[in-house]
Every structure is written in C-alpha cells, then in structure tokens.
Amino acid sequence: MDNRLLIALGTATWATMVGIAAAQQGLPKATQQNPGTVTVGDGNYIVIGCVTREGQGTTQTYVITDSRASPPAQYRLEGDQDLLRMHVGHTLEIGGQLTAASDPSTRRTLKASAVTYISTACVKLN
C-alpha cells in the first residue's frame, strides 16, 4: 500500500478514537462561577463555609454555614441550582448580594454571583 494512504488511514483511526473517548467522558460543568469578581461593600458580602441541602423535591434550599463566626452563621443561597447541588458537602467561598431576612427567625439570603471551590470536604475555618 502507498505510504500516504497508510498515513491517512492511521490519522483517521487516531482521530476517531480520540473523538470517541472525548464523547464518552463528556464535558463536566464548571465548578466555579465568576471567581473573585465580588468586592465587599454596597450590599455585597463574601462567605466561606460548608454547603448543605435542606428539604426535599421542589422545596429544596441550599445553605452555607460560615464557621469563622462564633456561633457559626448560616445563609440561604440563591443561585445556579446545578452548581450548588454539585457542591453539597464542599467548602466554598461565595460572594454576592446579602439580603436581610423578612423576620428575625429566618436566615438572610446570599445571592451567589461568585463561587470559588476550596475543598471537597467541609472544614472548620478559624
């Protein structure tokens, strides 16, 4: 067989194998969203802590517990539900607008506009 034909067949085979492997793995959704884009002030706040999920079905909410405060402070999270779901049990830095609770017995809400991944485990930060 002609060398050029062998090279062309080899190249086509290689490209097909690489394409199949990439298609099987898929592209994972980004684990961060606009990292480092929130500046504290003007209603913006940065929280570092553990993300948990509360509730079932359509009433699920995501909460971040900032263990740097004493006692630890908890905030209800608003943001990309897929991103938050992926980070349950992880330590994150989340920045965004902080809104006051409607009554003193409920949590304040943090609208997550910047999410930075820190750890796969919930760690107590001092």
# chains A, B, ... in the order shown; residues from 1 in each chain; ligands from 1
>>> residues_around(residues="Gly96 of chain A", least_positions_apart="2", cutoff="6 Å", atoms="only C-alpha atoms", output="list in words")
Asn44, Tyr45, Lys111, Ala112 and Ser113 of chain A
>>> write_last_selection(atoms="C-alpha atoms", output="JSON list (two decimals), in the first residue's frame")
[["chain", "number", "residue", "atom", "x", "y", "z"],
["A", 44, "ASN", "CA", -22.00, 42.57, 48.72],
["A", 45, "TYR", "CA", -20.68, 40.02, 51.15],
["A", 111, "LYS", "CA", -27.38, 35.65, 46.04],
["A", 112, "ALA", "CA", -24.37, 33.71, 44.74],
["A", 113, "SER", "CA", -22.75, 35.67, 41.94]]
>>> residues_around(residues="segment 70-87 of chain A", least_positions_apart="6", cutoff="12 Å", atoms="only C-alpha atoms", output="number ranges by chain")
A: 28-33, 45-54, 58, 60-64, 93-101, 105-122, 124-126
>>> write_last_selection(atoms="C-alpha atoms", output="PDB file, in the first residue's frame")
ATOM      1  CA  PRO A  28     -18.111  18.491  33.155  1.00  0.00           C
ATOM      2  CA  LYS A  29     -19.993  21.607  34.199  1.00  0.00           C
ATOM      3  CA  ALA A  30     -17.666  24.257  35.557  1.00  0.00           C
ATOM      4  CA  THR A  31     -17.154  24.044  39.304  1.00  0.00           C
ATOM      5  CA  GLN A  32     -16.726  27.799  39.673  1.00  0.00           C
ATOM      6  CA  GLN A  33     -18.717  30.824  38.637  1.00  0.00           C
ATOM      7  CA  TYR A  45     -20.682  40.025  51.153  1.00  0.00           C
ATOM      8  CA  ILE A  46     -18.259  37.084  50.984  1.00  0.00           C
ATOM      9  CA  VAL A  47     -18.918  33.898  52.957  1.00  0.00           C
ATOM     10  CA  ILE A  48     -16.555  30.929  53.312  1.00  0.00           C
ATOM     11  CA  GLY A  49     -18.097  27.727  54.553  1.00  0.00           C
ATOM     12  CA  CYS A  50     -19.801  24.390  54.065  1.00  0.00           C
ATOM     13  CA  VAL A  51     -22.720  23.977  51.657  1.00  0.00           C
ATOM     14  CA  THR A  52     -25.659  21.787  52.715  1.00  0.00           C
ATOM     15  CA  ARG A  53     -29.065  20.999  51.254  1.00  0.00           C
ATOM     16  CA  GLU A  54     -32.302  21.175  53.206  1.00  0.00           C
ATOM     17  CA  THR A  58     -39.208  21.209  44.843  1.00  0.00           C
ATOM     18  CA  GLN A  60     -35.026  22.133  48.435  1.00  0.00           C
ATOM     19  CA  THR A  61     -32.889  25.011  49.601  1.00  0.00           C
ATOM     20  CA  TYR A  62     -29.131  25.330  49.803  1.00  0.00           C
ATOM     21  CA  VAL A  63     -27.430  26.763  52.875  1.00  0.00           C
ATOM     22  CA  ILE A  64     -23.850  27.806  53.555  1.00  0.00           C
ATOM     23  CA  GLU A  93     -16.175  30.875  49.020  1.00  0.00           C
ATOM     24  CA  ILE A  94     -19.380  32.519  47.821  1.00  0.00           C
ATOM     25  CA  GLY A  95     -19.784  36.209  47.164  1.00  0.00           C
ATOM     26  CA  GLY A  96     -22.821  38.241  46.269  1.00  0.00           C
ATOM     27  CA  GLN A  97     -25.665  40.439  47.453  1.00  0.00           C
ATOM     28  CA  LEU A  98     -26.807  39.783  51.006  1.00  0.00           C
ATOM     29  CA  THR A  99     -30.463  40.467  51.711  1.00  0.00           C
ATOM     30  CA  ALA A 100     -31.973  40.853  55.136  1.00  0.00           C
ATOM     31  CA  ALA A 101     -34.323  38.207  56.492  1.00  0.00           C
ATOM     32  CA  SER A 105     -36.237  33.817  62.915  1.00  0.00           C
ATOM     33  CA  THR A 106     -35.269  33.211  59.264  1.00  0.00           C
ATOM     34  CA  ARG A 107     -31.884  33.199  57.562  1.00  0.00           C
ATOM     35  CA  ARG A 108     -30.526  36.007  55.467  1.00  0.00           C
ATOM     36  CA  THR A 109     -30.197  35.214  51.756  1.00  0.00           C
ATOM     37  CA  LEU A 110     -26.937  35.366  49.813  1.00  0.00           C
ATOM     38  CA  LYS A 111     -27.379  35.651  46.038  1.00  0.00           C
ATOM     39  CA  ALA A 112     -24.373  33.709  44.741  1.00  0.00           C
ATOM     40  CA  SER A 113     -22.754  35.672  41.936  1.00  0.00           C
ATOM     41  CA  ALA A 114     -19.187  34.422  42.539  1.00  0.00           C
ATOM     42  CA  VAL A 115     -18.420  30.849  43.609  1.00  0.00           C
ATOM     43  CA  THR A 116     -14.895  29.643  44.291  1.00  0.00           C
ATOM     44  CA  TYR A 117     -14.241  26.000  45.138  1.00  0.00           C
ATOM     45  CA  ILE A 118     -11.987  25.424  48.167  1.00  0.00           C
ATOM     46  CA  SER A 119     -12.264  21.803  49.339  1.00  0.00           C
ATOM     47  CA  THR A 120     -14.142  18.537  48.753  1.00  0.00           C
ATOM     48  CA  ALA A 121     -14.846  18.335  52.482  1.00  0.00           C
ATOM     49  CA  CYS A 122     -16.455  20.637  54.986  1.00  0.00           C
ATOM     50  CA  LYS A 124     -13.918  24.277  60.147  1.00  0.00           C
ATOM     51  CA  LEU A 125     -12.180  27.560  59.450  1.00  0.00           C
ATOM     52  CA  ASN A 126     -10.945  29.750  62.284  1.00  0.00           C
TER      53      ASN A 126
END
>>> select_by_dssp(residues="segment 34-123 of chain A", states="alpha helix (DSSP H)", output="count of residues only")
6
>>> select_by_dssp(residues="segment 40-106 of chain A", states="strand (DSSP E)", output="number ranges by chain")
A: 44-54, 61-66, 73-78, 91-99
>>> write_last_selection(atoms="N, CA and C atoms", output="short mmCIF file (atom, residue, chain, number, x, y, z; two decimals), in the first residue's frame")
data_model
loop_
_atom_site.label_atom_id
_atom_site.label_comp_id
_atom_site.auth_asym_id
_atom_site.auth_seq_id
_atom_site.Cartn_x
_atom_site.Cartn_y
_atom_site.Cartn_z
N ASN A 44 -22.70 43.81 49.08
CA ASN A 44 -22.00 42.57 48.72
C ASN A 44 -21.30 42.01 49.94
N TYR A 45 -21.24 40.71 50.01
CA TYR A 45 -20.68 40.02 51.15
C TYR A 45 -19.98 38.77 50.65
N ILE A 46 -18.95 38.33 51.34
CA ILE A 46 -18.26 37.08 50.98
C ILE A 46 -18.33 36.14 52.18
N VAL A 47 -18.78 34.92 51.92
CA VAL A 47 -18.92 33.90 52.96
C VAL A 47 -18.05 32.71 52.57
N ILE A 48 -17.34 32.15 53.53
CA ILE A 48 -16.55 30.93 53.31
C ILE A 48 -17.11 29.88 54.25
N GLY A 49 -17.54 28.75 53.69
CA GLY A 49 -18.10 27.73 54.55
C GLY A 49 -18.58 26.50 53.82
N CYS A 50 -19.31 25.67 54.54
CA CYS A 50 -19.80 24.39 54.06
C CYS A 50 -21.20 24.54 53.47
N VAL A 51 -21.42 23.93 52.31
CA VAL A 51 -22.72 23.98 51.66
C VAL A 51 -23.50 22.72 52.01
N THR A 52 -24.76 22.91 52.42
CA THR A 52 -25.66 21.79 52.71
C THR A 52 -26.97 22.01 51.98
N ARG A 53 -27.75 20.93 51.90
CA ARG A 53 -29.06 21.00 51.25
C ARG A 53 -30.11 20.68 52.30
N GLU A 54 -31.20 21.42 52.29
CA GLU A 54 -32.30 21.18 53.21
C GLU A 54 -33.58 20.99 52.40
N THR A 61 -33.64 23.77 49.51
CA THR A 61 -32.89 25.01 49.60
C THR A 61 -31.44 24.66 49.91
N TYR A 62 -30.55 25.53 49.54
CA TYR A 62 -29.13 25.33 49.80
C TYR A 62 -28.70 26.37 50.82
N VAL A 63 -27.86 25.93 51.76
CA VAL A 63 -27.43 26.76 52.88
C VAL A 63 -25.91 26.69 52.96
N ILE A 64 -25.29 27.81 53.28
CA ILE A 64 -23.85 27.81 53.55
C ILE A 64 -23.68 28.21 55.01
N THR A 65 -22.83 27.45 55.72
CA THR A 65 -22.55 27.73 57.12
C THR A 65 -21.13 28.24 57.23
N ASP A 66 -21.00 29.48 57.65
CA ASP A 66 -19.69 30.12 57.81
C ASP A 66 -19.22 29.89 59.24
N ALA A 73 -22.47 31.28 61.37
CA ALA A 73 -23.57 31.97 60.70
C ALA A 73 -24.05 31.15 59.51
N GLN A 74 -25.36 31.12 59.30
CA GLN A 74 -25.93 30.39 58.18
C GLN A 74 -26.67 31.34 57.25
N TYR A 75 -26.54 31.09 55.95
CA TYR A 75 -27.18 31.91 54.93
C TYR A 75 -27.85 30.99 53.92
N ARG A 76 -29.07 31.35 53.53
CA ARG A 76 -29.74 30.62 52.45
C ARG A 76 -29.13 31.11 51.15
N LEU A 77 -28.87 30.17 50.22
CA LEU A 77 -28.22 30.52 48.96
C LEU A 77 -29.22 30.59 47.82
N GLU A 78 -29.09 31.61 47.00
CA GLU A 78 -29.80 31.71 45.73
C GLU A 78 -28.74 31.67 44.65
N THR A 91 -16.49 22.80 50.83
CA THR A 91 -16.22 24.14 51.35
C THR A 91 -16.03 25.07 50.16
N LEU A 92 -16.77 26.18 50.16
CA LEU A 92 -16.73 27.15 49.07
C LEU A 92 -16.56 28.56 49.63
N GLU A 93 -16.11 29.45 48.76
CA GLU A 93 -16.17 30.88 49.02
C GLU A 93 -17.24 31.40 48.07
N ILE A 94 -18.28 32.02 48.63
CA ILE A 94 -19.38 32.52 47.82
C ILE A 94 -19.55 34.00 48.10
N GLY A 95 -19.59 34.78 47.04
CA GLY A 95 -19.78 36.21 47.16
C GLY A 95 -21.02 36.66 46.42
N GLY A 96 -21.66 37.69 46.94
CA GLY A 96 -22.82 38.24 46.27
C GLY A 96 -23.60 39.16 47.17
N GLN A 97 -24.78 39.55 46.71
CA GLN A 97 -25.67 40.44 47.45
C GLN A 97 -26.26 39.70 48.64
N LEU A 98 -26.23 40.34 49.79
CA LEU A 98 -26.81 39.78 51.01
C LEU A 98 -28.08 40.56 51.30
N THR A 99 -29.19 39.82 51.40
CA THR A 99 -30.46 40.47 51.71
C THR A 99 -30.89 40.12 53.12
#
>>> atom_distance(atom1="atom CA of Arg68 of chain A", atom2="atom CA of Val40 of chain A")
16.6 Å
